[in-house]
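Peer 1: Got target.pdb for you, PDB, C-alpha atoms:
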ATOM      1  CA  MET L  30      35.026  18.357   8.616
ATOM      2  CA  THR L  31      33.537  18.291   5.124
ATOM      3  CA  GLU L  32      30.324  20.189   4.606
ATOM      4  CA  PHE L  33      27.783  18.502   2.334
ATOM      5  CA  ILE L  34      25.839  20.740   0.006
ATOM      6  CA  ASN L  35      22.428  19.649  -1.197
ATOM      7  CA  ARG L  36      22.580  20.770  -4.814
ATOM      8  CA  VAL L  37      19.144  19.320  -5.545
ATOM      9  CA  ALA L  38      17.529  21.587  -2.950
ATOM     10  CA  GLN L  39      19.413  24.571  -4.348
ATOM     11  CA  SER L  40      18.567  23.852  -7.984
ATOM     12  CA  ALA L  41      15.869  25.566 -10.003
ATOM     13  CA  LEU L  42      14.133  22.255 -10.732
ATOM     14  CA  VAL L  43      10.363  22.162 -10.442
ATOM     15  CA  THR L  44       8.891  18.751  -9.627
ATOM     16  CA  ILE L  45       5.449  17.606 -10.729
ATOM     17  CA  ASN L  46       4.053  14.607  -8.889
ATOM     18  CA  LEU L  47       1.194  13.160 -10.937
ATOM     19  CA  GLU L  48      -0.048  11.251  -7.879
ATOM     20  CA  GLU L  49      -0.966  14.564  -6.285
ATOM     21  CA  LEU L  50      -3.239  15.406  -9.211
ATOM     22  CA  LEU L  51      -5.454  12.357  -8.732
ATOM     23  CA  HIS L  52      -8.821  13.049  -7.129
ATOM     24  CA  PRO L  53      -8.898  11.264  -3.761
ATOM     25  CA  GLY L  54     -12.584  10.322  -3.962
ATOM     26  CA  GLU L  55     -13.592   6.680  -3.899
ATOM     27  CA  ARG L  56     -13.964   4.935  -7.260
ATOM     28  CA  VAL L  57     -17.133   2.901  -7.787
ATOM     29  CA  LEU L  58     -18.608   0.923 -10.651
ATOM     30  CA  TYR L  59     -22.283   1.270 -11.540
ATOM     31  CA  ASP L  60     -23.368  -1.709 -13.627
ATOM     32  CA  ILE L  61     -26.697  -1.112 -15.345
ATOM     33  CA  LYS L  62     -26.969  -4.904 -15.628
ATOM     34  CA  GLU L  63     -28.662  -4.817 -12.214
ATOM     35  CA  ASN L  64     -31.549  -2.887 -13.793
ATOM     36  CA  LEU L  65     -32.210  -5.359 -16.613
ATOM     37  CA  PHE L  66     -35.281  -7.583 -16.646
ATOM     38  CA  HIS L  67     -34.037 -11.194 -16.665
ATOM     39  CA  GLY L  68     -30.570  -9.794 -17.397
ATOM     40  CA  LEU L  69     -31.601  -9.015 -20.972
ATOM     41  CA  ILE L  70     -34.027  -6.139 -21.349
ATOM     42  CA  LEU L  71     -34.295  -2.656 -19.897
ATOM     43  CA  LYS L  72     -37.943  -1.891 -19.191
ATOM     44  CA  GLU L  73     -38.376   1.861 -19.383
ATOM     45  CA  LYS L  74     -41.148   2.133 -16.790
ATOM     46  CA  ASP L  75     -39.276   0.018 -14.218
ATOM     47  CA  PHE L  76     -35.992   1.785 -14.897
ATOM     48  CA  ARG L  77     -37.523   5.239 -14.516
ATOM     49  CA  ALA L  78     -39.125   4.145 -11.221
ATOM     50  CA  PHE L  79     -35.751   2.878  -9.993
ATOM     51  CA  VAL L  80     -33.998   6.108 -10.977
ATOM     52  CA  LYS L  81     -36.649   8.156  -9.195
ATOM     53  CA  GLU L  82     -36.568   6.125  -5.958
ATOM     54  CA  HIS L  83     -32.867   5.224  -5.710
ATOM     55  CA  ASP L  84     -30.779   6.905  -2.994
ATOM     56  CA  TRP L  85     -28.277   8.835  -5.120
ATOM     57  CA  THR L  86     -26.634  10.410  -2.066
ATOM     58  CA  LYS L  87     -24.532   7.260  -1.668
ATOM     59  CA  TYR L  88     -22.513   8.555  -4.645
ATOM     60  CA  ASP L  89     -21.719  11.894  -2.973
ATOM     61  CA  GLY L  90     -18.105  12.843  -3.713
ATOM     62  CA  LYS L  91     -17.368   9.537  -5.449
ATOM     63  CA  ASN L  92     -16.032   8.895  -8.926
ATOM     64  CA  VAL L  93     -18.333   6.603 -10.900
ATOM     65  CA  ALA L  94     -17.720   4.380 -13.906
ATOM     66  CA  ILE L  95     -20.964   3.375 -15.637
ATOM     67  CA  ILE L  96     -21.030   0.115 -17.590
ATOM     68  CA  CYS L  97     -23.300  -2.699 -18.685
ATOM     69  CA  SER L  98     -21.512  -6.009 -18.187
ATOM     70  CA  ALA L  99     -24.416  -8.025 -19.596
ATOM     71  CA  ASP L 100     -24.700  -8.861 -23.269
ATOM     72  CA  ALA L 101     -27.751  -6.668 -23.720
ATOM     73  CA  ILE L 102     -28.766  -3.704 -25.831
ATOM     74  CA  VAL L 103     -29.240  -0.747 -23.532
ATOM     75  CA  PRO L 104     -30.650   2.444 -25.052
ATOM     76  CA  THR L 105     -28.386   5.467 -24.858
ATOM     77  CA  TRP L 106     -31.008   7.492 -23.004
ATOM     78  CA  ALA L 107     -30.704   5.106 -20.028
ATOM     79  CA  TYR L 108     -27.084   6.099 -19.467
ATOM     80  CA  MET L 109     -28.048   9.731 -19.944
ATOM     81  CA  LEU L 110     -30.777   9.364 -17.318
ATOM     82  CA  LEU L 111     -28.227   7.979 -14.858
ATOM     83  CA  ALA L 112     -26.042  11.006 -15.582
ATOM     84  CA  THR L 113     -28.868  13.352 -14.597
ATOM     85  CA  LYS L 114     -29.035  11.710 -11.175
ATOM     86  CA  LEU L 115     -25.280  11.456 -10.618
ATOM     87  CA  THR L 116     -24.882  15.165 -11.368
ATOM     88  CA  GLY L 117     -24.807  17.000  -8.069
ATOM     89  CA  HIS L 118     -23.755  13.886  -6.182
ATOM     90  CA  ALA L 119     -20.767  12.235  -7.832
ATOM     91  CA  ASN L 120     -17.514  14.128  -8.129
ATOM     92  CA  TYR L 121     -17.082  12.718 -11.624
ATOM     93  CA  PHE L 122     -18.640  10.031 -13.787
ATOM     94  CA  VAL L 123     -17.936   8.436 -17.140
ATOM     95  CA  PHE L 124     -19.356   5.777 -19.403
ATOM     96  CA  GLY L 125     -16.726   3.068 -19.324
ATOM     97  CA  ASP L 126     -14.797   0.800 -17.014
ATOM     98  CA  MET L 127     -12.587   1.721 -14.076
ATOM     99  CA  GLU L 128      -9.595   2.282 -16.365
ATOM    100  CA  ALA L 129     -11.616   4.759 -18.442
ATOM    101  CA  LEU L 130     -12.578   6.526 -15.217
ATOM    102  CA  GLU L 131      -8.952   6.834 -14.093
ATOM    103  CA  GLN L 132      -7.926   8.151 -17.482
ATOM    104  CA  ALA L 133     -10.720  10.724 -17.520
ATOM    105  CA  LEU L 134      -9.865  11.879 -13.983
ATOM    106  CA  MET L 135      -6.201  12.287 -14.894
ATOM    107  CA  GLN L 136      -6.986  14.086 -18.144
ATOM    108  CA  GLU L 137      -9.252  16.487 -16.297
ATOM    109  CA  ALA L 138      -6.572  17.146 -13.668
ATOM    110  CA  ILE L 139      -3.850  17.739 -16.255
ATOM    111  CA  ALA L 140      -6.153  20.006 -18.269
ATOM    112  CA  LYS L 141      -6.500  22.245 -15.188
ATOM    113  CA  ILE L 142      -2.738  22.836 -14.974
ATOM    114  CA  ASP L 143      -1.786  26.423 -15.717
ATOM    115  CA  VAL L 144       1.141  25.962 -18.094
ATOM    116  CA  GLU L 145       2.314  29.525 -17.462
ATOM    117  CA  GLU L 146       3.531  28.375 -14.044
ATOM    118  CA  TYR L 147       6.055  26.214 -15.909
ATOM    119  CA  ARG L 148       7.101  28.656 -18.628
ATOM    120  CA  ASP L 149      10.862  28.343 -19.206
ATOM    121  CA  ALA L 150      11.162  26.097 -16.143
ATOM    122  CA  LYS L 151      13.268  22.981 -15.737
ATOM    123  CA  VAL L 152      10.636  20.380 -14.864
ATOM    124  CA  VAL L 153      11.032  16.918 -13.403
ATOM    125  CA  VAL L 154       7.993  14.672 -13.726
ATOM    126  CA  LYS L 155       8.243  12.455 -10.665
ATOM    127  CA  GLY L 156       8.508   8.759 -11.366
ATOM    128  CA  CYS L 157       8.135   6.036  -8.755
ATOM    129  CA  GLY L 158       5.538   6.583  -6.091
ATOM    130  CA  SER L 159       3.070   4.863  -3.835
ATOM    131  CA  ILE L 160       0.122   5.095  -6.252
ATOM    132  CA  PRO L 161       0.491   3.606  -9.733
ATOM    133  CA  VAL L 162       0.201   6.324 -12.366
ATOM    134  CA  PRO L 163      -0.723   5.044 -15.833
ATOM    135  CA  THR L 164       1.646   5.685 -18.740
ATOM    136  CA  TYR L 165      -0.907   7.805 -20.604
ATOM    137  CA  ALA L 166      -0.682  10.381 -17.794
ATOM    138  CA  TYR L 167       3.044  10.802 -18.393
ATOM    139  CA  VAL L 168       2.483  11.193 -22.133
ATOM    140  CA  GLU L 169      -0.300  13.723 -21.522
ATOM    141  CA  ILE L 170       1.804  15.843 -19.155
ATOM    142  CA  MET L 171       4.564  15.896 -21.782
ATOM    143  CA  ARG L 172       2.102  17.051 -24.441
ATOM    144  CA  LYS L 173       0.877  19.803 -22.132
ATOM    145  CA  LEU L 174       4.259  21.086 -20.907
ATOM    146  CA  LEU L 175       6.554  20.558 -23.893
ATOM    147  CA  PRO L 176       5.658  23.858 -25.594
ATOM    148  CA  VAL L 177       6.460  25.984 -22.518
ATOM    149  CA  THR L 178       9.270  24.410 -20.494
ATOM    150  CA  SER L 179      12.978  24.835 -21.043
ATOM    151  CA  SER L 180      13.587  21.198 -20.166
ATOM    152  CA  LEU L 181      11.665  18.131 -19.116
ATOM    153  CA  MET L 182      13.015  15.196 -17.157
ATOM    154  CA  TYR L 183      11.623  12.043 -15.612
ATOM    155  CA  GLY L 184      12.431  10.513 -12.242
ATOM    156  CA  GLU L 185      13.573  12.127  -9.022
ATOM    157  CA  PRO L 186      15.464  15.435  -8.815
ATOM    158  CA  CYS L 187      18.559  13.554  -7.604
ATOM    159  CA  SER L 188      18.417  11.047 -10.456
ATOM    160  CA  THR L 189      16.670  12.207 -13.612
ATOM    161  CA  VAL L 190      16.320  10.925 -17.135
ATOM    162  CA  PRO L 191      16.556  13.892 -19.521
ATOM    163  CA  LEU L 192      13.740  13.872 -22.094
ATOM    164  CA  TYR L 193      13.658  17.308 -23.685
ATOM    165  CA  LYS L 194      15.727  20.454 -23.783
ATOM    166  CA  LYS L 195      14.541  23.532 -25.628
ATOM    167  CA  PRO L 196      16.915  24.386 -28.465
ATOM    168  CA  LYS L 197      18.894  27.592 -27.973
ATOM    169  CA  SER L 198      17.667  30.367 -30.182
TER     170      SER L 198
END
Using structure tokens, write down the structure from this file.

Peer 2:
Amino acid sequence: MTEFINRVAQSALVTINLEELLHPGERVLYDIKENLFHGLILKEKDFRAFVKEHDWTKYDGKNVAIICSADAIVPTWAYMLLATKLTGHANYFVFGDMEALEQALMQEAIAKIDVEEYRDAKVVVKGCGSIPVPTYAYVEIMRKLLPVTSSLMYGEPCSTVPLYKKPKS
């Protein structure tokens, strides 16, 4: 009887799954268009009243993208005022669309990685998964880990695409 040896399990490869870095909180879009008078003008008095009376707890733990989808000039302070109310409720918020929100969440997650955990390691950045991970996340993880790892690969530990190997000194 032939004994099968799982060399992948015995290897020194460290796998990073970018899906696991994503914040699980719900993603929502706040469109300031709903606060415009006739879809054109932001009236300061009405907007301040709305901000004061609105139930901001419905954003607890959520990730919020703030936009204005109407063709209107919205003063910068209005977005800043929304930020004051989302603080303490939303997990995270950005000015921009849902794609900008995802990018900001991923950048924040990657920024929190302690690169020393990967010093001189052979790292596989996991590819295919159940949640789509944008390409910029893969580029960002490379930028972060390249200076410290001994090698970087993409894919699955059993089938990797070599990307970088530290030159021997």

Peer 1: Report the residues retrieved by the PyMOL selection byres ((chain L and resi 76) around 10) from the displayed file, expressed as a list in words.

Peer 2: Ile61, Asn64, Leu65, Phe66, Leu71, Lys72, Glu73, Lys74, Asp75, Arg77, Ala78, Phe79, Val80, Lys81, Glu82, Ala107, Leu110 and Leu111 of chain L

Peer 1: Going by the chain IDs and residue numbers used in this file, which residues fall under the PyMOL selection byres ((chain L and resi 194) around 8)? Write them as a PDB file with C-alpha atoms, in the frame of the given file.

Peer 2:
ATOM      1  CA  SER L 179      12.978  24.835 -21.043  1.00  0.00           C
ATOM      2  CA  SER L 180      13.587  21.198 -20.166  1.00  0.00           C
ATOM      3  CA  LEU L 181      11.665  18.131 -19.116  1.00  0.00           C
ATOM      4  CA  PRO L 191      16.556  13.892 -19.521  1.00  0.00           C
ATOM      5  CA  LEU L 192      13.740  13.872 -22.094  1.00  0.00           C
ATOM      6  CA  TYR L 193      13.658  17.308 -23.685  1.00  0.00           C
ATOM      7  CA  LYS L 195      14.541  23.532 -25.628  1.00  0.00           C
ATOM      8  CA  PRO L 196      16.915  24.386 -28.465  1.00  0.00           C
TER       9      PRO L 196
END

Peer 1: Given the file shown, enumerate the residues that the PyMOL selection byres ((chain L and resi 100-102) around 8) captures and present them as a PyMOL selection string.

Peer 2: chain L and resi 68-70+97-99+103-104

Peer 1: Find the residues around region 166-168 of chain L up to 8 Å (all atoms listed in the file counted), leave out those fewer than 2 positions away in its own chain, and share them as a JSON list (two decimals) with C-alpha atoms, in the coordinates of the input.

Peer 2:
[["chain", "number", "residue", "atom", "x", "y", "z"],
["L", 47, "LEU", "CA", 1.19, 13.16, -10.94],
["L", 132, "GLN", "CA", -7.93, 8.15, -17.48],
["L", 135, "MET", "CA", -6.20, 12.29, -14.89],
["L", 136, "GLN", "CA", -6.99, 14.09, -18.14],
["L", 154, "VAL", "CA", 7.99, 14.67, -13.73],
["L", 162, "VAL", "CA", 0.20, 6.32, -12.37],
["L", 163, "PRO", "CA", -0.72, 5.04, -15.83],
["L", 164, "THR", "CA", 1.65, 5.68, -18.74],
["L", 170, "ILE", "CA", 1.80, 15.84, -19.16],
["L", 171, "MET", "CA", 4.56, 15.90, -21.78],
["L", 172, "ARG", "CA", 2.10, 17.05, -24.44]]

Peer 1: CA of Ile139 (chain L) and CA of Tyr59 (chain L), how far apart in Å?

Peer 2: 25.2 Å

Peer 1: Kindly extract all protein, DNA and RNA residues lying within 7 Å of the coordinates (11.2, 7.8, -7.4) given in the file, considering only C-alpha atoms, and supply them as a list in words.

Peer 2: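 Looking at atoms near the point gives Lys155, Gly156, Cys157, Gly158, Gly184 and Glu185 of chain L.
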
Peer 1: Restricting the calculation to only C-alpha atoms: of L:Thr105, L:Thr178, L:Thr189, L:Ser159, which residue gets closest to Glu48 (chain L)?

Peer 2: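 Between L:Thr105, L:Thr178, L:Thr189, L:Ser159, the residue approaching Glu48 (chain L) most closely is L:Ser159.
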
Peer 1: Pick out the closest residue to Ile142 (chain L) from this set: L:Ala129, L:Leu51, L:Cys187, L:Leu174. Count all atoms listed in the file.

Peer 2: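 Counting all atoms listed in the file, the residue closest to Ile142 (chain L) is L:Leu174.
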
Peer 1: Write out as a ChimeraX atom specification which residues come within 7 Å of region 91-96 of chain L when counting only C-alpha atoms, dropping same-chain ones fewer than 3 positions away.

Peer 2: /L:54-61,88,119-127,130

Peer 1: Nearest residue to Ala138 (chain L) out of L:Thr113, L:Asn46, L:Ser188, L:Ser198, using all atoms listed in the file?

Peer 2: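 That would be L:Asn46, the residue with the smallest distance to Ala138 (chain L).
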
Peer 1: Take every atom of region 172-189 of chain L listed in the file, fit an axis-aligned box around them, add 4 Å per side, and give the centre and edge lengths in Å to one decimal as JSON.

Peer 2:
{"center_x": 9.7, "center_y": 18.2, "center_z": -16.6, "size_x": 25.7, "size_y": 23.5, "size_z": 26.0}

Peer 1: Hey, can you check how far CA of Lys141 (chain L) sits from CA of Ile160 (chain L)?

Peer 2: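 Taking CA of Lys141 (chain L) as the start and CA of Ile160 (chain L) as the end point, the length is 20.4 Å.
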